[in-house]
>>> print(open('run_25.pdb').read())   # PDB, C-alpha atoms
ATOM      1  CA  MET W 443      -0.131 160.556  58.492
ATOM      2  CA  ILE W 444       0.150 156.781  57.799
ATOM      3  CA  ARG W 445      -2.255 156.022  60.677
ATOM      4  CA  TYR W 446      -4.708 158.619  59.307
ATOM      5  CA  LEU W 447      -4.662 157.023  55.849
ATOM      6  CA  GLY W 448      -5.032 153.595  57.435
ATOM      7  CA  LYS W 449      -8.166 154.655  59.272
ATOM      8  CA  ASN W 450      -9.642 156.120  56.082
ATOM      9  CA  ARG W 451      -8.892 152.917  54.247
ATOM     10  CA  ILE W 452     -10.612 150.869  56.936
ATOM     11  CA  ILE W 453     -13.658 153.154  56.767
ATOM     12  CA  ALA W 454     -13.702 152.801  52.974
ATOM     13  CA  ILE W 455     -13.530 149.006  53.207
ATOM     14  CA  MET W 456     -16.350 148.914  55.765
ATOM     15  CA  ALA W 457     -18.473 151.170  53.581
ATOM     16  CA  ALA W 458     -17.884 148.908  50.594
ATOM     17  CA  LEU W 459     -18.826 145.873  52.657
ATOM     18  CA  GLY W 460     -22.003 147.652  53.693
ATOM     19  CA  ILE W 461     -22.939 148.217  50.075
ATOM     20  CA  VAL W 462     -22.251 144.586  49.206
ATOM     21  CA  LEU W 463     -24.239 143.293  52.183
ATOM     22  CA  GLY W 464     -27.073 145.640  51.346
ATOM     23  CA  THR W 465     -27.105 144.365  47.794
ATOM     24  CA  LEU W 466     -27.083 140.739  48.900
ATOM     25  CA  PHE W 467     -29.636 140.965  51.711
ATOM     26  CA  LEU W 468     -31.654 144.163  51.729
ATOM     27  CA  PHE W 469     -32.741 144.298  48.103
ATOM     28  CA  PRO W 470     -33.685 140.624  47.854
ATOM     29  CA  ARG W 471     -35.815 140.985  50.969
ATOM     30  CA  GLU W 472     -37.559 144.017  49.507
ATOM     31  CA  SER W 473     -38.033 142.112  46.256
ATOM     32  CA  LEU W 474     -39.414 139.137  48.198
ATOM     33  CA  ALA W 475     -41.833 141.344  50.095
ATOM     34  CA  GLN W 476     -43.048 142.853  46.848
ATOM     35  CA  SER W 477     -43.439 139.362  45.396
ATOM     36  CA  ASN W 478     -45.512 138.286  48.413
ATOM     37  CA  GLN W 479     -47.748 141.315  48.063
ATOM     38  CA  ALA W 480     -48.214 140.730  44.334
ATOM     39  CA  GLU W 481     -49.216 137.113  44.891
ATOM     40  CA  TYR W 482     -51.970 138.160  47.278
ATOM     41  CA  ASP W 483     -52.951 141.352  45.484
ATOM     42  CA  PHE W 484     -56.735 140.992  45.369
ATOM     43  CA  SER W 485     -57.359 144.303  43.575
ATOM     44  CA  SER W 486     -59.029 142.591  40.616
ATOM     45  CA  ALA W 487     -61.143 140.469  42.946
ATOM     46  CA  LYS W 488     -62.192 143.573  44.897
ATOM     47  CA  ASN W 489     -63.163 145.361  41.696
ATOM     48  CA  ALA W 490     -65.214 142.319  40.710
ATOM     49  CA  ILE W 491     -66.945 142.297  44.103
ATOM     50  CA  ALA W 492     -67.721 146.024  43.791
ATOM     51  CA  THR W 493     -69.275 145.471  40.351
ATOM     52  CA  LEU W 494     -71.423 142.584  41.573
ATOM     53  CA  SER W 495     -72.552 144.303  44.768
ATOM     54  CA  GLN W 496     -73.745 147.397  42.877
ATOM     55  CA  PHE W 497     -75.856 145.481  40.393
ATOM     56  CA  PRO W 498     -79.027 144.963  42.495
ATOM     57  CA  GLN W 499     -79.370 148.738  42.984
ATOM     58  CA  GLU W 500     -78.742 149.308  39.279
ATOM     59  CA  ILE W 501     -81.462 146.819  38.367
ATOM     60  CA  ASN W 502     -83.985 148.747  40.481
ATOM     61  CA  ARG W 503     -82.964 151.977  38.780
ATOM     62  CA  TYR W 504     -83.402 150.449  35.333
ATOM     63  CA  ILE W 505     -86.875 149.165  36.252
ATOM     64  CA  THR W 506     -87.897 152.666  37.319
ATOM     65  CA  GLU W 507     -86.478 154.291  34.188
ATOM     66  CA  VAL W 508     -88.290 151.905  31.861
ATOM     67  CA  SER W 509     -91.617 151.766  33.707
ATOM     68  CA  GLN W 510     -91.852 155.563  33.926
ATOM     69  CA  THR W 511     -91.210 156.106  30.218
ATOM     70  CA  SER W 512     -94.457 157.163  28.513
ATOM     71  CA  LEU W 513     -95.551 155.329  25.369
ATOM     72  CA  GLY W 514     -98.864 157.157  24.932
ATOM     73  CA  PRO W 515    -101.479 157.267  23.672
ATOM     74  CA  TRP W 516    -101.542 161.042  23.168
ATOM     75  CA  LYS W 517    -104.316 163.379  21.997
ATOM     76  CA  LEU W 518    -104.380 166.203  19.493
ATOM     77  CA  ASP W 519    -106.435 169.196  20.658
ATOM     78  CA  VAL W 520    -106.939 171.520  17.708
ATOM     79  CA  SER W 521    -108.748 174.811  17.643
ATOM     80  CA  CYS W 522    -108.827 176.565  14.268
ATOM     81  CA  CYS W 523    -110.762 179.264  12.465
ATOM     82  CA  THR W 524    -113.066 178.345   9.562
ATOM     83  CA  ASP W 525    -114.303 181.830   8.583
ATOM     84  CA  TYR W 526    -112.401 185.122   8.650
ATOM     85  CA  PHE W 527    -113.601 188.671   8.238
ATOM     86  CA  ILE W 528    -111.031 190.890   9.896
ATOM     87  CA  TRP W 529    -111.219 188.456  12.764
ATOM     88  CA  CYS W 530    -112.325 184.868  13.203
ATOM     89  CA  LEU W 531    -116.052 184.421  12.774
ATOM     90  CA  ASN W 532    -116.288 180.670  13.314
ATOM     91  CA  THR W 533    -114.039 178.378  15.321
ATOM     92  CA  ARG W 534    -113.737 174.649  14.883
ATOM     93  CA  ASN W 535    -112.514 172.480  17.760
ATOM     94  CA  PHE W 536    -111.620 168.855  17.202
ATOM     95  CA  GLY W 537    -109.454 166.203  18.773
ATOM     96  CA  TYR W 538    -107.662 163.092  17.587
ATOM     97  CA  ARG W 539    -106.212 160.179  19.529
ATOM     98  CA  VAL W 540    -102.671 159.363  18.396
ATOM     99  CA  ASP W 541    -101.919 155.766  19.313
ATOM    100  CA  TYR W 542     -99.081 153.695  17.928
ATOM    101  CA  SER W 543    -101.079 150.682  18.991
ATOM    102  CA  GLY W 544     -99.067 147.986  17.201
ATOM    103  CA  SER W 545     -95.652 149.136  18.370
ATOM    104  CA  ARG W 546     -96.958 150.200  21.768
ATOM    105  CA  SER W 547     -98.551 146.839  22.565
ATOM    106  CA  ASN W 548     -95.340 145.021  21.617
ATOM    107  CA  LEU W 549     -93.294 147.383  23.737
ATOM    108  CA  GLU W 550     -95.581 147.184  26.751
ATOM    109  CA  ASN W 551     -95.595 143.404  26.552
ATOM    110  CA  VAL W 552     -91.816 143.090  26.526
ATOM    111  CA  ILE W 553     -91.483 145.753  29.236
ATOM    112  CA  ARG W 554     -93.837 143.803  31.520
ATOM    113  CA  ARG W 555     -91.705 140.708  31.013
ATOM    114  CA  TYR W 556     -88.562 142.734  31.524
ATOM    115  CA  GLU W 557     -89.882 144.173  34.798
ATOM    116  CA  GLN W 558     -90.958 140.737  36.024
ATOM    117  CA  ASN W 559     -87.565 139.263  35.189
ATOM    118  CA  SER W 560     -85.835 142.172  36.928
ATOM    119  CA  ARG W 561     -87.904 141.736  40.085
ATOM    120  CA  GLU W 562     -86.791 138.103  40.184
ATOM    121  CA  PHE W 563     -83.168 139.228  40.078
ATOM    122  CA  SER W 564     -82.872 139.140  43.866
ATOM    123  CA  ASN W 565     -83.512 135.382  43.782
ATOM    124  CA  SER W 566     -80.984 134.920  40.986
ATOM    125  CA  PHE W 567     -78.427 136.996  42.863
ATOM    126  CA  SER W 568     -78.983 135.221  46.189
ATOM    127  CA  PRO W 569     -76.137 132.655  45.822
ATOM    128  CA  ILE W 570     -73.679 135.465  45.061
ATOM    129  CA  GLY W 571     -74.956 137.487  48.014
ATOM    130  CA  ASP W 572     -74.577 134.473  50.291
ATOM    131  CA  TRP W 573     -71.007 134.024  49.070
ATOM    132  CA  PHE W 574     -70.273 137.630  50.071
ATOM    133  CA  LYS W 575     -71.985 137.421  53.452
ATOM    134  CA  ILE W 576     -71.358 133.840  54.560
ATOM    135  CA  ALA W 577     -68.996 131.710  52.475
ATOM    136  CA  LEU W 578     -66.120 134.174  52.012
ATOM    137  CA  PRO W 579     -65.903 135.193  55.714
ATOM    138  CA  GLN W 580     -66.184 131.517  56.616
ATOM    139  CA  PHE W 581     -63.218 130.637  54.404
ATOM    140  CA  SER W 582     -61.233 133.541  55.838
ATOM    141  CA  SER W 583     -61.758 132.060  59.322
ATOM    142  CA  GLN W 584     -60.816 128.585  58.089
ATOM    143  CA  PHE W 585     -57.680 129.944  56.430
ATOM    144  CA  ASN W 586     -56.748 131.849  59.565
ATOM    145  CA  ALA W 587     -57.034 128.735  61.753
ATOM    146  CA  ALA W 588     -55.047 126.568  59.322
ATOM    147  CA  SER W 589     -52.383 129.247  58.934
ATOM    148  CA  GLU W 590     -51.925 129.613  62.677
ATOM    149  CA  ARG W 591     -51.330 125.888  63.018
ATOM    150  CA  ILE W 592     -48.905 125.730  60.062
ATOM    151  CA  LEU W 593     -46.980 128.735  61.389
ATOM    152  CA  ALA W 594     -46.793 127.040  64.787
ATOM    153  CA  ILE W 595     -45.267 123.991  63.104
ATOM    154  CA  GLN W 596     -42.775 126.289  61.381
ATOM    155  CA  THR W 597     -41.750 127.660  64.788
ATOM    156  CA  GLU W 598     -41.371 124.115  66.147
ATOM    157  CA  ILE W 599     -39.108 123.190  63.208
ATOM    158  CA  ARG W 600     -36.905 126.232  63.785
ATOM    159  CA  GLN W 601     -36.568 125.415  67.464
ATOM    160  CA  GLY W 602     -35.900 121.711  66.948
ATOM    161  CA  ASN W 603     -33.769 119.554  64.694
ATOM    162  CA  GLY W 604     -35.867 119.639  61.528
ATOM    163  CA  SER W 605     -39.328 118.439  60.622
ATOM    164  CA  THR W 606     -40.959 115.182  61.656
ATOM    165  CA  PRO W 607     -43.177 112.876  59.553
ATOM    166  CA  GLU W 608     -46.103 113.846  61.787
ATOM    167  CA  GLN W 609     -45.576 117.556  61.084
ATOM    168  CA  ARG W 610     -45.291 116.876  57.358
ATOM    169  CA  ALA W 611     -48.516 114.860  57.424
ATOM    170  CA  GLU W 612     -50.359 117.585  59.337
ATOM    171  CA  VAL W 613     -49.264 120.363  56.977
ATOM    172  CA  THR W 614     -50.272 118.188  54.006
ATOM    173  CA  ARG W 615     -53.687 117.569  55.587
ATOM    174  CA  LEU W 616     -54.218 121.271  56.292
ATOM    175  CA  LEU W 617     -53.280 122.249  52.727
ATOM    176  CA  ASN W 618     -55.631 119.630  51.298
ATOM    177  CA  LYS W 619     -58.361 120.950  53.590
ATOM    178  CA  LEU W 620     -57.775 124.510  52.381
ATOM    179  CA  SER W 621     -57.999 123.280  48.784
ATOM    180  CA  SER W 622     -61.256 121.534  49.641
ATOM    181  CA  ASN W 623     -62.611 124.671  51.319
ATOM    182  CA  LEU W 624     -61.687 126.751  48.295
ATOM    183  CA  GLN W 625     -63.362 124.214  46.024
ATOM    184  CA  GLU W 626     -66.566 124.743  48.010
ATOM    185  CA  GLN W 627     -66.164 128.488  47.415
ATOM    186  CA  SER W 628     -65.727 127.859  43.713
ATOM    187  CA  ASN W 629     -68.789 125.602  43.592
ATOM    188  CA  GLN W 630     -70.977 128.224  45.257
ATOM    189  CA  LEU W 631     -69.826 130.868  42.777
ATOM    190  CA  LYS W 632     -70.613 128.482  39.928
ATOM    191  CA  VAL W 633     -74.119 128.031  41.353
ATOM    192  CA  GLY W 634     -74.406 131.814  41.384
ATOM    193  CA  MET W 635     -73.212 132.011  37.797
ATOM    194  CA  SER W 636     -75.730 129.371  36.734
ATOM    195  CA  SER W 637     -78.516 131.129  38.621
ATOM    196  CA  LEU W 638     -77.746 134.386  36.870
ATOM    197  CA  ALA W 639     -77.412 132.776  33.426
ATOM    198  CA  THR W 640     -81.163 132.605  32.783
ATOM    199  CA  PHE W 641     -81.628 136.158  33.995
ATOM    200  CA  LEU W 642     -78.849 137.438  31.732
ATOM    201  CA  GLN W 643     -80.202 135.539  28.731
ATOM    202  CA  ASN W 644     -83.698 136.976  29.240
ATOM    203  CA  GLN W 645     -82.336 140.491  29.534
ATOM    204  CA  ASN W 646     -80.407 140.043  26.289
ATOM    205  CA  ASN W 647     -83.560 138.771  24.570
ATOM    206  CA  TYR W 648     -85.610 141.748  25.772
ATOM    207  CA  GLN W 649     -82.971 144.156  24.588
ATOM    208  CA  ARG W 650     -83.022 142.564  21.117
ATOM    209  CA  ILE W 651     -86.841 142.772  20.975
ATOM    210  CA  ILE W 652     -86.750 146.453  21.910
ATOM    211  CA  THR W 653     -84.136 147.071  19.213
ATOM    212  CA  ASN W 654     -86.293 145.300  16.624
ATOM    213  CA  VAL W 655     -89.337 147.337  17.623
ATOM    214  CA  ASN W 656     -87.247 150.504  17.445
ATOM    215  CA  ASN W 657     -86.026 149.585  13.961
ATOM    216  CA  GLY W 658     -89.622 148.983  12.849
ATOM    217  CA  LEU W 659     -91.005 152.275  14.125
ATOM    218  CA  ASN W 660     -91.089 154.115  10.815
ATOM    219  CA  PRO W 661     -93.881 152.011   9.202
ATOM    220  CA  SER W 662     -95.985 152.395  12.363
ATOM    221  CA  ILE W 663     -95.390 156.145  12.436
ATOM    222  CA  GLN W 664     -96.279 156.491   8.748
ATOM    223  CA  ALA W 665     -99.460 154.447   9.127
ATOM    224  CA  THR W 666    -100.557 156.527  12.120
ATOM    225  CA  LEU W 667     -99.704 159.739  10.261
ATOM    226  CA  SER W 668    -101.733 158.643   7.241
ATOM    227  CA  LYS W 669    -104.808 157.971   9.387
ATOM    228  CA  MET W 670    -104.460 161.331  11.103
ATOM    229  CA  GLN W 671    -104.073 163.109   7.778
ATOM    230  CA  ASP W 672    -107.252 161.497   6.488
ATOM    231  CA  PHE W 673    -109.106 162.643   9.596
ATOM    232  CA  VAL W 674    -107.742 166.207   9.487
ATOM    233  CA  ASN W 675    -108.474 166.503   5.765
ATOM    234  CA  GLN W 676    -112.143 165.981   6.580
ATOM    235  CA  GLN W 677    -112.114 168.999   8.911
ATOM    236  CA  PRO W 678    -112.898 172.535   7.697
ATOM    237  CA  CYS W 679    -109.471 173.705   8.988
ATOM    238  CA  ARG W 680    -106.143 172.237  10.114
ATOM    239  CA  GLY W 681    -104.789 174.678  12.681
ATOM    240  CA  ASP W 682    -101.627 173.331  14.317
ATOM    241  CA  ALA W 683    -102.588 169.659  13.914
ATOM    242  CA  ASP W 684     -99.435 168.855  11.937
ATOM    243  CA  ALA W 685     -97.159 170.552  14.471
ATOM    244  CA  GLN W 686     -98.843 168.725  17.372
ATOM    245  CA  PHE W 687     -98.516 165.401  15.598
ATOM    246  CA  ASN W 688     -94.818 165.994  14.877
ATOM    247  CA  SER W 689     -94.290 166.745  18.572
ATOM    248  CA  ILE W 690     -96.115 163.553  19.599
ATOM    249  CA  GLN W 691     -94.163 161.557  17.032
ATOM    250  CA  GLN W 692     -90.901 162.855  18.507
ATOM    251  CA  GLN W 693     -92.040 161.998  22.049
ATOM    252  CA  PHE W 694     -92.830 158.434  21.035
ATOM    253  CA  THR W 695     -89.536 158.024  19.160
ATOM    254  CA  ASN W 696     -87.591 159.441  22.119
ATOM    255  CA  SER W 697     -89.390 157.132  24.566
ATOM    256  CA  VAL W 698     -88.570 154.011  22.575
ATOM    257  CA  GLN W 699     -84.974 155.140  22.133
ATOM    258  CA  LYS W 700     -84.670 155.792  25.860
ATOM    259  CA  ILE W 701     -85.908 152.285  26.657
ATOM    260  CA  ASN W 702     -83.575 150.842  24.047
ATOM    261  CA  ASN W 703     -80.588 152.751  25.459
ATOM    262  CA  THR W 704     -81.444 151.647  28.996
ATOM    263  CA  LEU W 705     -81.482 147.998  27.974
ATOM    264  CA  ILE W 706     -78.260 148.390  25.986
ATOM    265  CA  THR W 707     -76.634 149.827  29.124
ATOM    266  CA  LEU W 708     -78.060 146.984  31.175
ATOM    267  CA  ASN W 709     -76.728 144.472  28.674
ATOM    268  CA  THR W 710     -73.246 145.980  28.995
ATOM    269  CA  ARG W 711     -73.450 145.864  32.784
ATOM    270  CA  THR W 712     -74.607 142.238  32.788
ATOM    271  CA  GLN W 713     -71.576 141.325  30.689
ATOM    272  CA  GLU W 714     -69.379 143.073  33.250
ATOM    273  CA  MET W 715     -71.138 141.130  35.996
ATOM    274  CA  ASP W 716     -70.501 137.855  34.204
ATOM    275  CA  LYS W 717     -66.841 138.819  33.771
ATOM    276  CA  SER W 718     -66.599 139.710  37.477
ATOM    277  CA  ILE W 719     -67.765 136.245  38.521
ATOM    278  CA  SER W 720     -65.159 134.731  36.176
ATOM    279  CA  ILE W 721     -62.439 136.852  37.821
ATOM    280  CA  LEU W 722     -63.441 135.597  41.282
ATOM    281  CA  LEU W 723     -63.542 132.015  40.062
ATOM    282  CA  GLY W 724     -60.109 132.440  38.487
ATOM    283  CA  THR W 725     -58.665 133.845  41.711
ATOM    284  CA  ILE W 726     -59.976 130.930  43.756
ATOM    285  CA  THR W 727     -58.927 128.333  41.177
ATOM    286  CA  ASN W 728     -55.346 129.665  41.223
ATOM    287  CA  PHE W 729     -55.064 129.076  44.959
ATOM    288  CA  ILE W 730     -56.739 125.656  44.758
ATOM    289  CA  THR W 731     -54.059 124.663  42.253
ATOM    290  CA  LYS W 732     -51.262 126.197  44.358
ATOM    291  CA  TYR W 733     -52.199 124.417  47.595
ATOM    292  CA  GLN W 734     -52.865 121.100  45.878
ATOM    293  CA  LEU W 735     -49.500 121.183  44.106
ATOM    294  CA  ILE W 736     -47.662 121.857  47.361
ATOM    295  CA  ALA W 737     -49.589 119.122  49.187
ATOM    296  CA  ASN W 738     -48.829 116.678  46.368
ATOM    297  CA  GLN W 739     -45.176 117.687  46.493
ATOM    298  CA  LEU W 740     -45.021 116.914  50.216
ATOM    299  CA  ASN W 741     -46.691 113.560  49.611
ATOM    300  CA  ALA W 742     -44.438 112.640  46.708
ATOM    301  CA  THR W 743     -41.051 112.952  48.375
ATOM    302  CA  GLU W 744     -39.685 113.138  51.876
ATOM    303  CA  ASN W 745     -36.688 115.131  50.659
ATOM    304  CA  THR W 746     -38.779 118.281  50.341
ATOM    305  CA  GLN W 747     -37.824 120.693  53.113
ATOM    306  CA  LEU W 748     -41.011 121.333  55.091
ATOM    307  CA  GLY W 749     -39.705 124.585  56.550
ATOM    308  CA  SER W 750     -38.987 125.971  53.072
ATOM    309  CA  VAL W 751     -42.411 124.887  51.856
ATOM    310  CA  ILE W 752     -44.128 126.688  54.715
ATOM    311  CA  GLN W 753     -42.079 129.802  54.086
ATOM    312  CA  SER W 754     -43.100 129.760  50.396
ATOM    313  CA  LEU W 755     -46.765 129.985  51.420
ATOM    314  CA  HIS W 756     -46.290 133.522  52.869
ATOM    315  CA  LEU W 757     -49.061 132.767  55.333
ATOM    316  CA  THR W 758     -48.827 135.996  57.325
ATOM    317  CA  VAL W 759     -49.423 138.053  54.189
ATOM    318  CA  ALA W 760     -52.052 135.593  52.943
ATOM    319  CA  LYS W 761     -54.066 135.702  56.182
ATOM    320  CA  GLN W 762     -54.315 139.474  56.090
ATOM    321  CA  ALA W 763     -55.213 139.445  52.392
ATOM    322  CA  TRP W 764     -58.121 136.989  52.836
ATOM    323  CA  GLU W 765     -59.363 138.882  55.891
ATOM    324  CA  ASP W 766     -59.281 142.163  53.962
ATOM    325  CA  LEU W 767     -61.124 140.605  51.030
ATOM    326  CA  ALA W 768     -63.878 139.215  53.258
ATOM    327  CA  LYS W 769     -64.222 142.547  55.054
ATOM    328  CA  TYR W 770     -64.350 144.432  51.766
ATOM    329  CA  ALA W 771     -67.099 142.125  50.423
ATOM    330  CA  ALA W 772     -69.195 142.652  53.560
ATOM    331  CA  GLU W 773     -68.779 146.426  53.327
ATOM    332  CA  GLN W 774     -69.748 146.498  49.665
ATOM    333  CA  LEU W 775     -72.868 144.415  50.173
ATOM    334  CA  ALA W 776     -73.910 146.575  53.120
TER     335      ALA W 776
END
>>> encode(input="run_25.pdb", output="structure tokens")
Amino acid sequence: MIRYLGKNRIIAIMAALGIVLGTLFLFPRESLAQSNQAEYDFSSAKNAIATLSQFPQEINRYITEVSQTSLGPWKLDVSCCTDYFIWCLNTRNFGYRVDYSGSRSNLENVIRRYEQNSREFSNSFSPIGDWFKIALPQFSSQFNAASERILAIQTEIRQGNGSTPEQRAEVTRLLNKLSSNLQEQSNQLKVGMSSLATFLQNQNNYQRIITNVNNGLNPSIQATLSKMQDFVNQQPCRGDADAQFNSIQQQFTNSVQKINNTLITLNTRTQEMDKSISILLGTITNFITKYQLIANQLNATENTQLGSVIQSLHLTVAKQAWEDLAKYAAEQLA
């Protein structure tokens, strides 16, 4: 009986030790892994890339929507009876050209400029497209090569008796190089942002002009209606002239509103595009700062443990994250 209780007690002690060890080692490792993943979570950057990559196709769609929207002129075709005796004895046929010439000319002018600006979008977008296709994959390759070398140094440190000044200098050089490479990425994105700035400003201006024209439609409609009324009043009958004019008036109003709504949507999307570039710049800037701080730390004091510094970089996770981001950008642009 005593031996049986002793065995149970030993089992209980071992179980307790297992819980303690699990608490001390297992959970921190899981927490560390989650921390590594969070640091290189490029979800926001991927969303930004998706937004930017879709914009060229959206621009083409907006051009089509605007250019295919009819602004007239339209024609009234009226057939009405002037004399009745049981049935119509005399029929009068007349037509009238309904043309909102003042508003229409302003609209067509701004639409031509809008279409021209939109067709030039591909040139404005080119630096961003090149960043997707060329610069980002290039940095991923550079990061991969630097990481492999730094990880090799980490292995050498673990197998030897600590780090050497030469290893410290090489890691510092590689981190500075990565910072420099990232700065080149940032510069190219800034060129893209500058290239798109004029395009975005023009689109905003066109949208405001369309809104102003839309707000000033009523005087143009009333003037056109007054002229038509004068013409119809000179005819021996009216027929459905008023109903036809009301229908034409509604078509014109709807067309202008459609163009206005399209440009409002475009304006919203361009703001999202601008925000997306800022997100990418912020992501890159964060890592420039991180690598520069670590390199400066290694330069400042020899007491910094090189092995611990390398471990803090989480290079295995980082390599995969940059590779995935570059692959995702290529897929989105395709």
>>> residues_near_point(input="run_25.pdb", point="(-61.2, 128.2, 43.2)", cutoff="12 Å", atoms="all atoms listed in the file", output="ChimeraX atom specification")
/W:578,581,620-632,719-734
>>> write_last_selection(input="run_25.pdb", atoms="C-alpha atoms", output="tab-separated table (two decimals), in the frame of the given file")
chain	number	residue	atom	x	y	z
W	578	LEU	CA	-66.12	134.17	52.01
W	581	PHE	CA	-63.22	130.64	54.40
W	620	LEU	CA	-57.78	124.51	52.38
W	621	SER	CA	-58.00	123.28	48.78
W	622	SER	CA	-61.26	121.53	49.64
W	623	ASN	CA	-62.61	124.67	51.32
W	624	LEU	CA	-61.69	126.75	48.30
W	625	GLN	CA	-63.36	124.21	46.02
W	626	GLU	CA	-66.57	124.74	48.01
W	627	GLN	CA	-66.16	128.49	47.42
W	628	SER	CA	-65.73	127.86	43.71
W	629	ASN	CA	-68.79	125.60	43.59
W	630	GLN	CA	-70.98	128.22	45.26
W	631	LEU	CA	-69.83	130.87	42.78
W	632	LYS	CA	-70.61	128.48	39.93
W	719	ILE	CA	-67.76	136.24	38.52
W	720	SER	CA	-65.16	134.73	36.18
W	721	ILE	CA	-62.44	136.85	37.82
W	722	LEU	CA	-63.44	135.60	41.28
W	723	LEU	CA	-63.54	132.01	40.06
W	724	GLY	CA	-60.11	132.44	38.49
W	725	THR	CA	-58.66	133.84	41.71
W	726	ILE	CA	-59.98	130.93	43.76
W	727	THR	CA	-58.93	128.33	41.18
W	728	ASN	CA	-55.35	129.66	41.22
W	729	PHE	CA	-55.06	129.08	44.96
W	730	ILE	CA	-56.74	125.66	44.76
W	731	THR	CA	-54.06	124.66	42.25
W	732	LYS	CA	-51.26	126.20	44.36
W	733	TYR	CA	-52.20	124.42	47.60
W	734	GLN	CA	-52.86	121.10	45.88
>>> closest_residue(input="run_25.pdb", among="W:Trp516, W:Tyr482, W:Tyr526, W:Phe563", to="Asn502 of chain W", atoms="only C-alpha atoms")
W:Phe563
>>> residues_around(input="run_25.pdb", residues="Ile706 of chain W", least_positions_apart="6", cutoff="10 Å", atoms="all atoms listed in the file", output="list in words")
Gln645, Asn646, Tyr648, Gln649, Arg650, Ile652, Thr653, Lys700 and Thr712 of chain W
>>> resolve_selection(input="run_25.pdb", expression="the PyMOL selection byres ((chain W and resi 514) around 10)", output="list of chain:residue names")
W:Thr511, W:Ser512, W:Leu513, W:Pro515, W:Trp516, W:Lys517, W:Arg539, W:Val540, W:Asp541, W:Tyr542, W:Ser543, W:Arg546, W:Ile690, W:Gln693, W:Phe694, W:Ser697
>>> closest_atom_pairs(input="run_25.pdb", of="segment 662-707 of chain W", to="segment 495-500 of chain W", cutoff="12 Å", atoms="only C-alpha atoms", output="CSV")
residue,atom,partner,partner_atom,distance
W:Thr704,CA,W:Glu500,CA,10.9
W:Leu705,CA,W:Glu500,CA,11.7
W:Thr707,CA,W:Glu500,CA,10.4
>>> atom_distance(input="run_25.pdb", atom1="atom CA of Ala594 of chain W", atom2="atom CA of Leu740 of chain W")
17.8 Å
>>> atom_distance(input="run_25.pdb", atom1="atom CA of Ser718 of chain W", atom2="atom CA of Ile570 of chain W")
11.2 Å
>>> residues_near_point(input="run_25.pdb", point="(-54.0, 124.5, 60.3)", cutoff="10 Å", atoms="all atoms listed in the file", output="PyMOL selection string")
chain W and resi 584-595+612-617+619-620
>>> atom_distance(input="run_25.pdb", atom1="atom CA of Thr506 of chain W", atom2="atom CA of Thr666 of chain W")
28.5 Å
>>> closest_residue(input="run_25.pdb", among="W:Gln762, W:Asn741, W:Ser568, W:Ser560", to="Pro607 of chain W", atoms="all atoms listed in the file")
W:Asn741
>>> closest_residue(input="run_25.pdb", among="W:Trp529, W:Phe567, W:Asp682, W:Arg711", to="Thr640 of chain W", atoms="only C-alpha atoms")
W:Phe567
>>> residues_around(input="run_25.pdb", residues="segment 532-534 of chain W", least_positions_apart="5", cutoff="10 Å", atoms="all atoms listed in the file", output="VMD selection string")
chain W and resid 520 to 527 677 to 681
>>> closest_residue(input="run_25.pdb", among="W:Ile553, W:Leu757, W:Ala771, W:Ile491", to="Tyr504 of chain W", atoms="all atoms listed in the file")
W:Ile553
>>> closest_residue(input="run_25.pdb", among="W:Tyr538, W:Arg610, W:Asn657, W:Val633", to="Phe673 of chain W", atoms="only C-alpha atoms")
W:Tyr538
>>> residues_around(input="run_25.pdb", residues="Asp519 of chain W", least_positions_apart="4", cutoff="8 Å", atoms="only C-alpha atoms", output="ChimeraX atom specification")
/W:535-538,683
>>> residues_around(input="run_25.pdb", residues="Ile505 of chain W", least_positions_apart="3", cutoff="9 Å", atoms="only C-alpha atoms", output="list in words")
Glu500, Ile501, Asn502, Val508, Ser509, Gln510, Tyr556, Glu557, Ser560 and Arg561 of chain W
>>> resolve_selection(input="run_25.pdb", expression="the PyMOL selection byres ((chain W and resi 755) around 10)", output="MDAnalysis selection string")
chainID W and resid 478 481 589 592 732:733 736 750:754 756:760
>>> build_atoms(input="run_25.pdb", residues="segment 629-633 of chain W", atoms="N, CA, C and O atoms", output="PDB file, keeping the file's coordinate frame")
ATOM      1  N   ASN W 629     -67.501 126.221  43.928  1.00  0.00           N
ATOM      2  CA  ASN W 629     -68.789 125.602  43.592  1.00  0.00           C
ATOM      3  C   ASN W 629     -69.953 126.553  43.843  1.00  0.00           C
ATOM      4  O   ASN W 629     -70.909 126.610  43.052  1.00  0.00           O
ATOM      5  N   GLN W 630     -69.889 127.291  44.957  1.00  0.00           N
ATOM      6  CA  GLN W 630     -70.977 128.224  45.257  1.00  0.00           C
ATOM      7  C   GLN W 630     -71.023 129.356  44.227  1.00  0.00           C
ATOM      8  O   GLN W 630     -72.096 129.785  43.813  1.00  0.00           O
ATOM      9  N   LEU W 631     -69.854 129.837  43.812  1.00  0.00           N
ATOM     10  CA  LEU W 631     -69.826 130.868  42.777  1.00  0.00           C
ATOM     11  C   LEU W 631     -70.371 130.334  41.455  1.00  0.00           C
ATOM     12  O   LEU W 631     -71.055 131.053  40.715  1.00  0.00           O
ATOM     13  N   LYS W 632     -70.088 129.083  41.156  1.00  0.00           N
ATOM     14  CA  LYS W 632     -70.613 128.482  39.928  1.00  0.00           C
ATOM     15  C   LYS W 632     -72.131 128.356  39.989  1.00  0.00           C
ATOM     16  O   LYS W 632     -72.821 128.545  38.977  1.00  0.00           O
ATOM     17  N   VAL W 633     -72.660 128.049  41.172  1.00  0.00           N
ATOM     18  CA  VAL W 633     -74.119 128.031  41.353  1.00  0.00           C
ATOM     19  C   VAL W 633     -74.681 129.419  41.092  1.00  0.00           C
ATOM     20  O   VAL W 633     -75.715 129.584  40.429  1.00  0.00           O
TER      21      VAL W 633
END
